Structure formats: C-alpha cells, structure tokens
Amino acid sequence: MREAIRLANESVERGGGPFGAVIVKDGEIVAGSSNSVTIDNDPTAHAEVNTIRKACQKLRTFDLSGCTIYTSCEPCPMCLGAIYWARIGKIFYGNTRKDARDIDFADDFIYEELELPLEKRTVPIKPLLRDEALKTFRLWTEKTDKIEY
Ligand SMILES: [Zn+2]
C-alpha cells in the first residue's frame with residue numbers, strides 16, 4: 001500500500017490524478033502504475049486499470065487469479081469491474097470513495113447512479129436492435145474453438 005501511495009504522490013507531481021495502484025502475486029510486486037487520464041487523454045486510464053494492463057502484459061495472461069491489488073483509493077465502479085473481470089482475488093484501498101468525492105472526483109456519484117433504475121440515471125440508456133445483436137451471441141455460443149474468459 002505504501003508503494004501505491006508513493007505512486008499516487010509521484011503522479012500528482014507529474015500532472016496526473018492523485019491515485020496509484022500495485023498488483024502483488026506470491027508476495028512480489030508484479031506491476032504498479034498511477035492515474036494518467038490527463039497525461040494520456042484517456043478517461044479510462046485510472047491507476048487500477050493501468051496496473052491491470054501492465055500486470056497482464058507482464059504475466060502474459062488476461063486472468064490475474066491469485067493476485068491482490070493495493071490501490072491508494074477505493075476503486076471506482078469502472079475499476080472495480082476491471083478487477084472482477086481480471087479475477088483479482090483481494091482488494092486493499094487507502095482513501096475511501098467519500099474522500100475522493102471531497103476532492104471533487106465522481107466515484108461516489110457513479111456508485112449512486114448504479115443504484116438507480118435505468119430511467120432515472122443521468123446518462124440516458126435505451127435498448128436498441130436486440131434481435132440483431134443477439135445473432136452475435138448465437139455465433140459465439142455455436143463457436144467451438146473460442147477462448148472463454
Ligand atoms: Zn477507477
């Protein structure tokens with residue numbers, strides 16, 4: 001966690017967001033990174049996502065089972081989703097999402113949005129062309145040589 005916080009501090013000095021993360025496997029740091037949203041013009045470049053990408057490249061896998069992530073702030077919903085998709089087994093965090101809200105980051109707002117029914121969310125979300133889209137799922141289901149994840 002101290003390395004995640006160190007990366008967050010370094011990020012602030014470099015012009016990135018105040019967030020850092022580290023992924024550990026078998027007691028060793030596999031990868032560490034910080035937020036680079038403004039540096040890379042990439043709204044998905046949160047510390048956790050950047051660190052997951054690095055760890056997956058280093059370990060040459062999309063499955064981080066057996067890994068633990070240390071993040072300087074409670075993950076936002078996007079990063080929490082990425083952590084679940086990567087099958088990371090345990091999460092430690094420093095600041096809470098309320099702490100992030102107090103310095104004007106939207107983590108807590110997005111969590112609140114997720115609890116609202118679709119028709120009450122800030123960003124309109126509507127179903128469209130489901131019948132056509134479902135054909136792709138049938139293709140996937142019928143494919144015998146796919147890499148499942
Ligand atoms: Zn995030």
# chains A, B, ... in the order shown; residues from 1 in each chain; ligands from 1
call {"tool": "residues_around", "arguments": {"residues": "A:Leu59", "least_positions_apart": "6", "cutoff": "12 Å", "atoms": "only C-alpha atoms", "output": "JSON list (two decimals) with all heavy atoms, in the first residue's frame"}}
result
[["chain", "number", "residue", "atom", "x", "y", "z"],
["A", 23, "ILE", "N", -0.13, -4.28, -8.06],
["A", 23, "ILE", "CA", -0.65, -5.65, -8.06],
["A", 23, "ILE", "C", 0.45, -6.57, -7.58],
["A", 23, "ILE", "O", 1.61, -6.48, -8.03],
["A", 23, "ILE", "CB", -1.18, -6.06, -9.45],
["A", 23, "ILE", "CG1", -2.48, -5.30, -9.73],
["A", 23, "ILE", "CG2", -1.43, -7.58, -9.53],
["A", 23, "ILE", "CD1", -3.05, -5.51, -11.12],
["A", 24, "VAL", "N", 0.09, -7.44, -6.63],
["A", 24, "VAL", "CA", 1.05, -8.33, -5.99],
["A", 24, "VAL", "C", 0.63, -9.78, -6.24],
["A", 24, "VAL", "O", -0.56, -10.11, -6.18],
["A", 24, "VAL", "CB", 1.11, -8.04, -4.47],
["A", 24, "VAL", "CG1", 1.91, -9.10, -3.74],
["A", 24, "VAL", "CG2", 1.69, -6.65, -4.21],
["A", 25, "LYS", "N", 1.62, -10.62, -6.54],
["A", 25, "LYS", "CA", 1.37, -12.06, -6.65],
["A", 25, "LYS", "C", 2.48, -12.79, -5.91],
["A", 25, "LYS", "O", 3.66, -12.48, -6.10],
["A", 25, "LYS", "CB", 1.33, -12.50, -8.11],
["A", 25, "LYS", "CG", 0.92, -13.96, -8.26],
["A", 25, "LYS", "CD", 0.64, -14.35, -9.69],
["A", 25, "LYS", "CE", -0.03, -15.72, -9.72],
["A", 25, "LYS", "NZ", -0.35, -16.14, -11.07],
["A", 29, "ILE", "N", 5.71, -7.66, -6.05],
["A", 29, "ILE", "CA", 5.01, -6.68, -6.87],
["A", 29, "ILE", "C", 5.18, -7.08, -8.34],
["A", 29, "ILE", "O", 6.30, -7.22, -8.83],
["A", 29, "ILE", "CB", 5.55, -5.26, -6.62],
["A", 29, "ILE", "CG1", 5.15, -4.79, -5.23],
["A", 29, "ILE", "CG2", 5.04, -4.31, -7.69],
["A", 29, "ILE", "CD1", 5.67, -3.41, -4.86],
["A", 30, "VAL", "N", 4.04, -7.28, -9.01],
["A", 30, "VAL", "CA", 4.06, -7.63, -10.44],
["A", 30, "VAL", "C", 4.06, -6.35, -11.28],
["A", 30, "VAL", "O", 4.76, -6.26, -12.28],
["A", 30, "VAL", "CB", 2.82, -8.49, -10.81],
["A", 30, "VAL", "CG1", 2.76, -8.74, -12.30],
["A", 30, "VAL", "CG2", 2.81, -9.79, -10.02],
["A", 31, "ALA", "N", 3.24, -5.38, -10.85],
["A", 31, "ALA", "CA", 3.14, -4.13, -11.62],
["A", 31, "ALA", "C", 2.60, -3.03, -10.71],
["A", 31, "ALA", "O", 1.89, -3.30, -9.75],
["A", 31, "ALA", "CB", 2.21, -4.31, -12.81],
["A", 52, "ILE", "N", -3.62, -3.10, -13.99],
["A", 52, "ILE", "CA", -4.11, -4.39, -14.51],
["A", 52, "ILE", "C", -3.52, -4.64, -15.90],
["A", 52, "ILE", "O", -3.05, -5.74, -16.20],
["A", 52, "ILE", "CB", -5.66, -4.42, -14.55],
["A", 52, "ILE", "CG1", -6.20, -4.52, -13.12],
["A", 52, "ILE", "CG2", -6.18, -5.55, -15.42],
["A", 52, "ILE", "CD1", -7.70, -4.28, -13.00],
["A", 53, "ARG", "N", -3.54, -3.61, -16.75],
["A", 53, "ARG", "CA", -2.99, -3.78, -18.12],
["A", 53, "ARG", "C", -1.51, -4.17, -18.05],
["A", 53, "ARG", "O", -1.07, -5.10, -18.75],
["A", 53, "ARG", "CB", -3.16, -2.49, -18.92],
["A", 53, "ARG", "CG", -4.60, -2.27, -19.33],
["A", 53, "ARG", "CD", -4.78, -0.98, -20.11],
["A", 53, "ARG", "NE", -6.17, -0.87, -20.53],
["A", 53, "ARG", "CZ", -6.83, 0.28, -20.68],
["A", 53, "ARG", "NH1", -6.20, 1.42, -20.47],
["A", 53, "ARG", "NH2", -8.08, 0.30, -21.05],
["A", 65, "SER", "N", -5.96, -14.26, -11.43],
["A", 65, "SER", "CA", -6.33, -15.06, -10.25],
["A", 65, "SER", "C", -5.09, -15.21, -9.37],
["A", 65, "SER", "O", -3.99, -15.40, -9.87],
["A", 65, "SER", "CB", -6.79, -16.45, -10.66],
["A", 65, "SER", "OG", -7.98, -16.37, -11.40],
["A", 67, "CYS", "N", -3.86, -12.92, -7.54],
["A", 67, "CYS", "CA", -3.23, -11.61, -7.32],
["A", 67, "CYS", "C", -4.06, -10.78, -6.34],
["A", 67, "CYS", "O", -5.26, -11.01, -6.16],
["A", 67, "CYS", "CB", -3.12, -10.84, -8.63],
["A", 67, "CYS", "SG", -1.92, -11.52, -9.79]]
call {"tool": "select_by_dssp", "arguments": {"residues": "stretch 52-113 of chain A", "states": "strand (DSSP E)", "output": "list in words"}}
result
Cys67, Thr68, Ile69, Tyr70, Thr71, Ser72, Cys73, Lys90, Ile91, Phe92, Tyr93, Gly94 and Asn95 of chain A
call {"tool": "write_last_selection", "arguments": {"atoms": "all heavy atoms", "output": "short mmCIF file (atom, residue, chain, number, x, y, z; two decimals), in the first residue's frame"}}
result
data_model
loop_
_atom_site.label_atom_id
_atom_site.label_comp_id
_atom_site.auth_asym_id
_atom_site.auth_seq_id
_atom_site.Cartn_x
_atom_site.Cartn_y
_atom_site.Cartn_z
N CYS A 67 -3.86 -12.92 -7.54
CA CYS A 67 -3.23 -11.61 -7.32
C CYS A 67 -4.06 -10.78 -6.34
O CYS A 67 -5.26 -11.01 -6.16
CB CYS A 67 -3.12 -10.84 -8.63
SG CYS A 67 -1.92 -11.52 -9.79
N THR A 68 -3.39 -9.82 -5.72
CA THR A 68 -4.03 -8.85 -4.84
C THR A 68 -3.72 -7.46 -5.38
O THR A 68 -2.61 -7.24 -5.87
CB THR A 68 -3.45 -8.98 -3.41
OG1 THR A 68 -3.75 -10.29 -2.92
CG2 THR A 68 -4.05 -7.95 -2.45
N ILE A 69 -4.70 -6.56 -5.33
CA ILE A 69 -4.45 -5.18 -5.75
C ILE A 69 -4.49 -4.26 -4.53
O ILE A 69 -5.36 -4.40 -3.67
CB ILE A 69 -5.43 -4.71 -6.86
CG1 ILE A 69 -4.98 -3.35 -7.43
CG2 ILE A 69 -6.87 -4.67 -6.39
CD1 ILE A 69 -5.61 -3.00 -8.77
N TYR A 70 -3.49 -3.41 -4.46
CA TYR A 70 -3.42 -2.36 -3.44
C TYR A 70 -3.62 -1.05 -4.18
O TYR A 70 -2.85 -0.74 -5.09
CB TYR A 70 -2.05 -2.35 -2.75
CG TYR A 70 -1.77 -3.61 -1.96
CD1 TYR A 70 -1.33 -4.76 -2.60
CD2 TYR A 70 -1.94 -3.64 -0.58
CE1 TYR A 70 -1.09 -5.93 -1.87
CE2 TYR A 70 -1.69 -4.79 0.16
CZ TYR A 70 -1.26 -5.93 -0.50
OH TYR A 70 -1.03 -7.08 0.21
N THR A 71 -4.67 -0.32 -3.83
CA THR A 71 -4.94 0.93 -4.52
C THR A 71 -5.08 2.06 -3.51
O THR A 71 -5.64 1.85 -2.43
CB THR A 71 -6.18 0.80 -5.44
OG1 THR A 71 -6.48 2.08 -5.98
CG2 THR A 71 -7.39 0.24 -4.72
N SER A 72 -4.53 3.21 -3.87
CA SER A 72 -4.48 4.31 -2.90
C SER A 72 -5.86 4.87 -2.61
O SER A 72 -6.03 5.64 -1.67
CB SER A 72 -3.54 5.42 -3.40
OG SER A 72 -4.10 6.05 -4.55
N CYS A 73 -6.87 4.49 -3.43
CA CYS A 73 -8.25 4.93 -3.17
C CYS A 73 -9.20 3.79 -3.52
O CYS A 73 -8.94 3.02 -4.45
CB CYS A 73 -8.56 6.16 -4.01
SG CYS A 73 -10.18 6.88 -3.69
N LYS A 90 -8.26 -10.17 -4.17
CA LYS A 90 -8.38 -9.37 -2.96
C LYS A 90 -8.02 -7.92 -3.25
O LYS A 90 -7.14 -7.65 -4.06
CB LYS A 90 -7.45 -9.93 -1.88
CG LYS A 90 -7.76 -9.44 -0.47
CD LYS A 90 -6.79 -10.03 0.55
CE LYS A 90 -7.40 -11.25 1.22
NZ LYS A 90 -6.55 -11.72 2.35
N ILE A 91 -8.72 -7.00 -2.56
CA ILE A 91 -8.52 -5.56 -2.77
C ILE A 91 -8.22 -4.90 -1.42
O ILE A 91 -8.96 -5.10 -0.46
CB ILE A 91 -9.79 -4.90 -3.35
CG1 ILE A 91 -10.26 -5.61 -4.63
CG2 ILE A 91 -9.56 -3.41 -3.59
CD1 ILE A 91 -11.69 -5.24 -5.04
N PHE A 92 -7.16 -4.12 -1.39
CA PHE A 92 -6.91 -3.22 -0.26
C PHE A 92 -6.95 -1.80 -0.80
O PHE A 92 -6.44 -1.54 -1.89
CB PHE A 92 -5.53 -3.48 0.37
CG PHE A 92 -5.43 -4.78 1.10
CD1 PHE A 92 -4.83 -5.88 0.50
CD2 PHE A 92 -5.93 -4.92 2.39
CE1 PHE A 92 -4.74 -7.10 1.16
CE2 PHE A 92 -5.84 -6.13 3.07
CZ PHE A 92 -5.25 -7.22 2.46
N TYR A 93 -7.57 -0.88 -0.05
CA TYR A 93 -7.61 0.51 -0.51
C TYR A 93 -7.25 1.46 0.61
O TYR A 93 -7.44 1.15 1.78
CB TYR A 93 -8.97 0.86 -1.12
CG TYR A 93 -10.14 0.81 -0.18
CD1 TYR A 93 -10.54 1.95 0.53
CD2 TYR A 93 -10.86 -0.36 0.02
CE1 TYR A 93 -11.62 1.92 1.39
CE2 TYR A 93 -11.93 -0.41 0.89
CZ TYR A 93 -12.31 0.72 1.57
OH TYR A 93 -13.38 0.69 2.43
N GLY A 94 -6.72 2.64 0.23
CA GLY A 94 -6.33 3.66 1.20
C GLY A 94 -7.49 4.62 1.43
O GLY A 94 -8.32 4.42 2.32
N ASN A 95 -7.60 5.66 0.59
CA ASN A 95 -8.70 6.61 0.72
C ASN A 95 -10.03 5.93 0.37
O ASN A 95 -10.06 4.99 -0.42
CB ASN A 95 -8.50 7.78 -0.24
CG ASN A 95 -7.31 8.64 0.13
OD1 ASN A 95 -7.21 9.10 1.26
ND2 ASN A 95 -6.41 8.84 -0.81
#
call {"tool": "closest_residue", "arguments": {"among": "A:Ala100, A:Leu129, A:Cys76, A:Ala86", "to": "ligand 1", "atoms": "only C-alpha atoms and all ligand atoms"}}
result
A:Cys76
call {"tool": "residues_near_ligand", "arguments": {"ligand": "ligand 1", "cutoff": "7 Å", "atoms": "only C-alpha atoms and all ligand atoms", "output": "VMD selection string"}}
result
chain A and resid 46 to 49 75 to 79
call {"tool": "write_last_selection", "arguments": {"atoms": "N, CA, C and O atoms", "output": "compact mmCIF listing (two decimals), in the first residue's frame"}}
result
# COMPACT_ATOMS: atom_id res chain seq x y z
N HIS A 46 -7.28 5.04 -15.31
CA HIS A 46 -7.20 5.09 -13.85
C HIS A 46 -6.05 4.19 -13.39
O HIS A 46 -5.62 3.29 -14.11
N ALA A 47 -5.57 4.43 -12.18
CA ALA A 47 -4.41 3.69 -11.67
C ALA A 47 -4.65 2.18 -11.71
O ALA A 47 -3.77 1.41 -12.12
N GLU A 48 -5.84 1.75 -11.30
CA GLU A 48 -6.10 0.31 -11.24
C GLU A 48 -6.13 -0.30 -12.65
O GLU A 48 -5.55 -1.37 -12.87
N VAL A 49 -6.79 0.37 -13.59
CA VAL A 49 -6.86 -0.15 -14.97
C VAL A 49 -5.46 -0.18 -15.57
O VAL A 49 -5.06 -1.19 -16.19
N PRO A 75 -11.68 1.63 -5.27
CA PRO A 75 -11.87 1.66 -6.73
C PRO A 75 -13.22 2.25 -7.14
O PRO A 75 -14.23 2.01 -6.47
N CYS A 76 -13.22 3.00 -8.24
CA CYS A 76 -14.48 3.48 -8.83
C CYS A 76 -15.19 2.27 -9.45
O CYS A 76 -14.59 1.20 -9.58
N PRO A 77 -16.45 2.42 -9.87
CA PRO A 77 -17.15 1.28 -10.46
C PRO A 77 -16.45 0.69 -11.69
O PRO A 77 -16.44 -0.54 -11.86
N MET A 78 -15.84 1.53 -12.53
CA MET A 78 -15.12 1.00 -13.70
C MET A 78 -13.97 0.11 -13.26
O MET A 78 -13.79 -1.01 -13.77
N CYS A 79 -13.18 0.60 -12.32
CA CYS A 79 -12.01 -0.16 -11.87
C CYS A 79 -12.44 -1.40 -11.09
O CYS A 79 -11.83 -2.46 -11.22
call {"tool": "residues_around", "arguments": {"residues": "A:Asp63", "least_positions_apart": "2", "cutoff": "12 Å", "atoms": "only C-alpha atoms", "output": "NGL selection string"}}
result
:A and (52-53 or 55-61 or 65-67 or 82-89 or 148-149)
call {"tool": "select_by_dssp", "arguments": {"residues": "chain A", "states": "helix (DSSP H, G or I)", "output": "ChimeraX atom specification"}}
result
/A:2-14,37-40,47-59,77-85,97-102,107-114,118-120,130-142
call {"tool": "atom_distance", "arguments": {"atom1": "atom CA of A:Pro43", "atom2": "atom CA of A:Glu28"}}
result
28.8 Å
call {"tool": "closest_residue", "arguments": {"among": "A:Phe62, A:Glu74, A:Asp40, A:Pro117", "to": "A:Phe105", "atoms": "only C-alpha atoms"}}
result
A:Glu74
call {"tool": "closest_residue", "arguments": {"among": "A:Glu10, A:Glu113, A:Glu119, A:Glu3", "to": "A:Val22", "atoms": "only C-alpha atoms"}}
result
A:Glu3
call {"tool": "atom_distance", "arguments": {"atom1": "atom CA of A:Asp108", "atom2": "atom CA of A:Thr44"}}
result
16.4 Å
call {"tool": "residues_around", "arguments": {"residues": "A:Thr38", "least_positions_apart": "4", "cutoff": "9 Å", "atoms": "only C-alpha atoms", "output": "PyMOL selection string"}}
result
chain A and resi 15-17+42-43+45
call {"tool": "decode", "arguments": {"residues": "stretch 16-148 of chain A", "atoms": "C-alpha atoms", "output": "PDB file, in the first residue's frame"}}
result
ATOM      1  CA  GLY A  16      -1.634  13.062 -13.268  1.00  0.00           C
ATOM      2  CA  GLY A  17      -4.502  12.304 -10.907  1.00  0.00           C
ATOM      3  CA  PRO A  18      -3.803  11.565  -7.223  1.00  0.00           C
ATOM      4  CA  PHE A  19      -4.143   7.783  -7.492  1.00  0.00           C
ATOM      5  CA  GLY A  20      -1.706   4.865  -7.523  1.00  0.00           C
ATOM      6  CA  ALA A  21      -2.048   1.081  -7.519  1.00  0.00           C
ATOM      7  CA  VAL A  22       0.096  -2.006  -7.224  1.00  0.00           C
ATOM      8  CA  ILE A  23      -0.653  -5.654  -8.057  1.00  0.00           C
ATOM      9  CA  VAL A  24       1.050  -8.335  -5.994  1.00  0.00           C
ATOM     10  CA  LYS A  25       1.370 -12.064  -6.648  1.00  0.00           C
ATOM     11  CA  ASP A  26       3.082 -14.525  -4.308  1.00  0.00           C
ATOM     12  CA  GLY A  27       4.395 -11.657  -2.184  1.00  0.00           C
ATOM     13  CA  GLU A  28       6.074  -9.891  -5.123  1.00  0.00           C
ATOM     14  CA  ILE A  29       5.015  -6.684  -6.871  1.00  0.00           C
ATOM     15  CA  VAL A  30       4.061  -7.627 -10.435  1.00  0.00           C
ATOM     16  CA  ALA A  31       3.137  -4.133 -11.618  1.00  0.00           C
ATOM     17  CA  GLY A  32       2.460  -0.644 -10.334  1.00  0.00           C
ATOM     18  CA  SER A  33       1.023   2.395 -12.018  1.00  0.00           C
ATOM     19  CA  SER A  34      -0.729   5.667 -11.436  1.00  0.00           C
ATOM     20  CA  ASN A  35      -3.590   7.610 -12.932  1.00  0.00           C
ATOM     21  CA  SER A  36      -2.753   9.076 -16.363  1.00  0.00           C
ATOM     22  CA  VAL A  37      -6.153  10.378 -17.519  1.00  0.00           C
ATOM     23  CA  THR A  38      -4.947  13.906 -18.270  1.00  0.00           C
ATOM     24  CA  ILE A  39      -1.457  12.884 -19.407  1.00  0.00           C
ATOM     25  CA  ASP A  40      -2.759  10.299 -21.926  1.00  0.00           C
ATOM     26  CA  ASN A  41      -6.106  11.989 -22.698  1.00  0.00           C
ATOM     27  CA  ASP A  42      -7.707   8.694 -21.694  1.00  0.00           C
ATOM     28  CA  PRO A  43     -10.643   8.794 -19.274  1.00  0.00           C
ATOM     29  CA  THR A  44     -10.183   5.066 -18.595  1.00  0.00           C
ATOM     30  CA  ALA A  45      -6.523   5.456 -17.561  1.00  0.00           C
ATOM     31  CA  HIS A  46      -7.199   5.087 -13.847  1.00  0.00           C
ATOM     32  CA  ALA A  47      -4.406   3.692 -11.670  1.00  0.00           C
ATOM     33  CA  GLU A  48      -6.103   0.307 -11.244  1.00  0.00           C
ATOM     34  CA  VAL A  49      -6.862  -0.149 -14.966  1.00  0.00           C
ATOM     35  CA  ASN A  50      -3.324   0.929 -15.917  1.00  0.00           C
ATOM     36  CA  THR A  51      -1.893  -1.504 -13.360  1.00  0.00           C
ATOM     37  CA  ILE A  52      -4.115  -4.390 -14.512  1.00  0.00           C
ATOM     38  CA  ARG A  53      -2.988  -3.777 -18.116  1.00  0.00           C
ATOM     39  CA  LYS A  54       0.678  -3.779 -17.056  1.00  0.00           C
ATOM     40  CA  ALA A  55       0.343  -6.900 -14.899  1.00  0.00           C
ATOM     41  CA  CYS A  56      -1.478  -8.797 -17.662  1.00  0.00           C
ATOM     42  CA  GLN A  57       1.199  -7.864 -20.193  1.00  0.00           C
ATOM     43  CA  LYS A  58       3.955  -8.874 -17.813  1.00  0.00           C
ATOM     44  CA  LEU A  59       2.350 -12.193 -16.866  1.00  0.00           C
ATOM     45  CA  ARG A  60       1.037 -12.738 -20.439  1.00  0.00           C
ATOM     46  CA  THR A  61      -2.483 -13.534 -19.298  1.00  0.00           C
ATOM     47  CA  PHE A  62      -5.917 -11.950 -19.013  1.00  0.00           C
ATOM     48  CA  ASP A  63      -6.522 -13.817 -15.746  1.00  0.00           C
ATOM     49  CA  LEU A  64      -4.962 -12.373 -12.579  1.00  0.00           C
ATOM     50  CA  SER A  65      -6.326 -15.059 -10.249  1.00  0.00           C
ATOM     51  CA  GLY A  66      -4.174 -15.291  -7.145  1.00  0.00           C
ATOM     52  CA  CYS A  67      -3.228 -11.610  -7.319  1.00  0.00           C
ATOM     53  CA  THR A  68      -4.028  -8.851  -4.836  1.00  0.00           C
ATOM     54  CA  ILE A  69      -4.448  -5.180  -5.747  1.00  0.00           C
ATOM     55  CA  TYR A  70      -3.420  -2.357  -3.438  1.00  0.00           C
ATOM     56  CA  THR A  71      -4.943   0.928  -4.521  1.00  0.00           C
ATOM     57  CA  SER A  72      -4.477   4.314  -2.901  1.00  0.00           C
ATOM     58  CA  CYS A  73      -8.249   4.929  -3.173  1.00  0.00           C
ATOM     59  CA  GLU A  74     -11.327   2.703  -3.090  1.00  0.00           C
ATOM     60  CA  PRO A  75     -11.870   1.661  -6.732  1.00  0.00           C
ATOM     61  CA  CYS A  76     -14.477   3.480  -8.826  1.00  0.00           C
ATOM     62  CA  PRO A  77     -17.152   1.275 -10.459  1.00  0.00           C
ATOM     63  CA  MET A  78     -15.124   1.003 -13.698  1.00  0.00           C
ATOM     64  CA  CYS A  79     -12.010  -0.165 -11.871  1.00  0.00           C
ATOM     65  CA  LEU A  80     -13.996  -2.448  -9.585  1.00  0.00           C
ATOM     66  CA  GLY A  81     -15.465  -4.023 -12.726  1.00  0.00           C
ATOM     67  CA  ALA A  82     -11.985  -4.366 -14.247  1.00  0.00           C
ATOM     68  CA  ILE A  83     -10.762  -6.014 -11.020  1.00  0.00           C
ATOM     69  CA  TYR A  84     -13.612  -8.525 -11.198  1.00  0.00           C
ATOM     70  CA  TRP A  85     -13.008  -9.148 -14.931  1.00  0.00           C
ATOM     71  CA  ALA A  86      -9.316  -9.754 -14.172  1.00  0.00           C
ATOM     72  CA  ARG A  87     -10.304 -12.145 -11.350  1.00  0.00           C
ATOM     73  CA  ILE A  88      -8.079 -10.402  -8.826  1.00  0.00           C
ATOM     74  CA  GLY A  89      -8.783 -12.128  -5.525  1.00  0.00           C
ATOM     75  CA  LYS A  90      -8.382  -9.372  -2.957  1.00  0.00           C
ATOM     76  CA  ILE A  91      -8.516  -5.562  -2.771  1.00  0.00           C
ATOM     77  CA  PHE A  92      -6.911  -3.223  -0.264  1.00  0.00           C
ATOM     78  CA  TYR A  93      -7.606   0.506  -0.514  1.00  0.00           C
ATOM     79  CA  GLY A  94      -6.332   3.659   1.197  1.00  0.00           C
ATOM     80  CA  ASN A  95      -8.704   6.610   0.723  1.00  0.00           C
ATOM     81  CA  THR A  96     -12.451   5.944   0.598  1.00  0.00           C
ATOM     82  CA  ARG A  97     -14.720   6.974  -2.280  1.00  0.00           C
ATOM     83  CA  LYS A  98     -16.154   9.619   0.082  1.00  0.00           C
ATOM     84  CA  ASP A  99     -12.630  11.024   0.481  1.00  0.00           C
ATOM     85  CA  ALA A 100     -12.440  11.146  -3.348  1.00  0.00           C
ATOM     86  CA  ARG A 101     -15.811  12.912  -3.515  1.00  0.00           C
ATOM     87  CA  ASP A 102     -14.492  15.503  -1.052  1.00  0.00           C
ATOM     88  CA  ILE A 103     -11.791  16.473  -3.575  1.00  0.00           C
ATOM     89  CA  ASP A 104     -14.326  16.501  -6.473  1.00  0.00           C
ATOM     90  CA  PHE A 105     -13.892  13.056  -8.056  1.00  0.00           C
ATOM     91  CA  ALA A 106     -17.091  11.344  -9.282  1.00  0.00           C
ATOM     92  CA  ASP A 107     -16.513   7.843  -7.882  1.00  0.00           C
ATOM     93  CA  ASP A 108     -19.267   8.098  -5.281  1.00  0.00           C
ATOM     94  CA  PHE A 109     -21.691   9.733  -7.762  1.00  0.00           C
ATOM     95  CA  ILE A 110     -21.267   6.821 -10.204  1.00  0.00           C
ATOM     96  CA  TYR A 111     -21.878   4.300  -7.414  1.00  0.00           C
ATOM     97  CA  GLU A 112     -25.108   6.181  -6.610  1.00  0.00           C
ATOM     98  CA  GLU A 113     -26.115   6.108 -10.294  1.00  0.00           C
ATOM     99  CA  LEU A 114     -25.749   2.322 -10.366  1.00  0.00           C
ATOM    100  CA  GLU A 115     -28.366   2.006  -7.658  1.00  0.00           C
ATOM    101  CA  LEU A 116     -30.938   3.967  -9.716  1.00  0.00           C
ATOM    102  CA  PRO A 117     -33.297   2.292 -12.204  1.00  0.00           C
ATOM    103  CA  LEU A 118     -32.176   2.889 -15.828  1.00  0.00           C
ATOM    104  CA  GLU A 119     -34.868   5.538 -16.464  1.00  0.00           C
ATOM    105  CA  LYS A 120     -33.649   7.660 -13.542  1.00  0.00           C
ATOM    106  CA  ARG A 121     -29.955   7.796 -14.453  1.00  0.00           C
ATOM    107  CA  THR A 122     -28.222  10.976 -15.630  1.00  0.00           C
ATOM    108  CA  VAL A 123     -26.987   9.411 -18.878  1.00  0.00           C
ATOM    109  CA  PRO A 124     -29.946   8.089 -20.928  1.00  0.00           C
ATOM    110  CA  ILE A 125     -29.647   4.366 -21.672  1.00  0.00           C
ATOM    111  CA  LYS A 126     -32.083   2.598 -24.016  1.00  0.00           C
ATOM    112  CA  PRO A 127     -32.258  -0.845 -25.644  1.00  0.00           C
ATOM    113  CA  LEU A 128     -31.886  -0.910 -29.466  1.00  0.00           C
ATOM    114  CA  LEU A 129     -31.738  -3.667 -32.141  1.00  0.00           C
ATOM    115  CA  ARG A 130     -31.618  -6.544 -29.650  1.00  0.00           C
ATOM    116  CA  ASP A 131     -32.735  -9.117 -32.225  1.00  0.00           C
ATOM    117  CA  GLU A 132     -29.810  -8.230 -34.498  1.00  0.00           C
ATOM    118  CA  ALA A 133     -27.326  -8.054 -31.619  1.00  0.00           C
ATOM    119  CA  LEU A 134     -28.434 -11.446 -30.309  1.00  0.00           C
ATOM    120  CA  LYS A 135     -27.247 -13.068 -33.574  1.00  0.00           C
ATOM    121  CA  THR A 136     -23.661 -12.331 -32.475  1.00  0.00           C
ATOM    122  CA  PHE A 137     -24.275 -14.090 -29.174  1.00  0.00           C
ATOM    123  CA  ARG A 138     -25.607 -17.111 -31.082  1.00  0.00           C
ATOM    124  CA  LEU A 139     -22.447 -17.079 -33.222  1.00  0.00           C
ATOM    125  CA  TRP A 140     -20.359 -17.047 -30.037  1.00  0.00           C
ATOM    126  CA  THR A 141     -22.387 -19.826 -28.426  1.00  0.00           C
ATOM    127  CA  GLU A 142     -22.014 -22.037 -31.511  1.00  0.00           C
ATOM    128  CA  LYS A 143     -18.266 -21.396 -31.953  1.00  0.00           C
ATOM    129  CA  THR A 144     -16.406 -24.482 -30.793  1.00  0.00           C
ATOM    130  CA  ASP A 145     -12.830 -23.132 -30.770  1.00  0.00           C
ATOM    131  CA  LYS A 146     -13.333 -19.939 -28.753  1.00  0.00           C
ATOM    132  CA  ILE A 147     -11.143 -18.805 -25.882  1.00  0.00           C
ATOM    133  CA  GLU A 148     -13.533 -18.474 -22.964  1.00  0.00           C
TER     134      GLU A 148
END
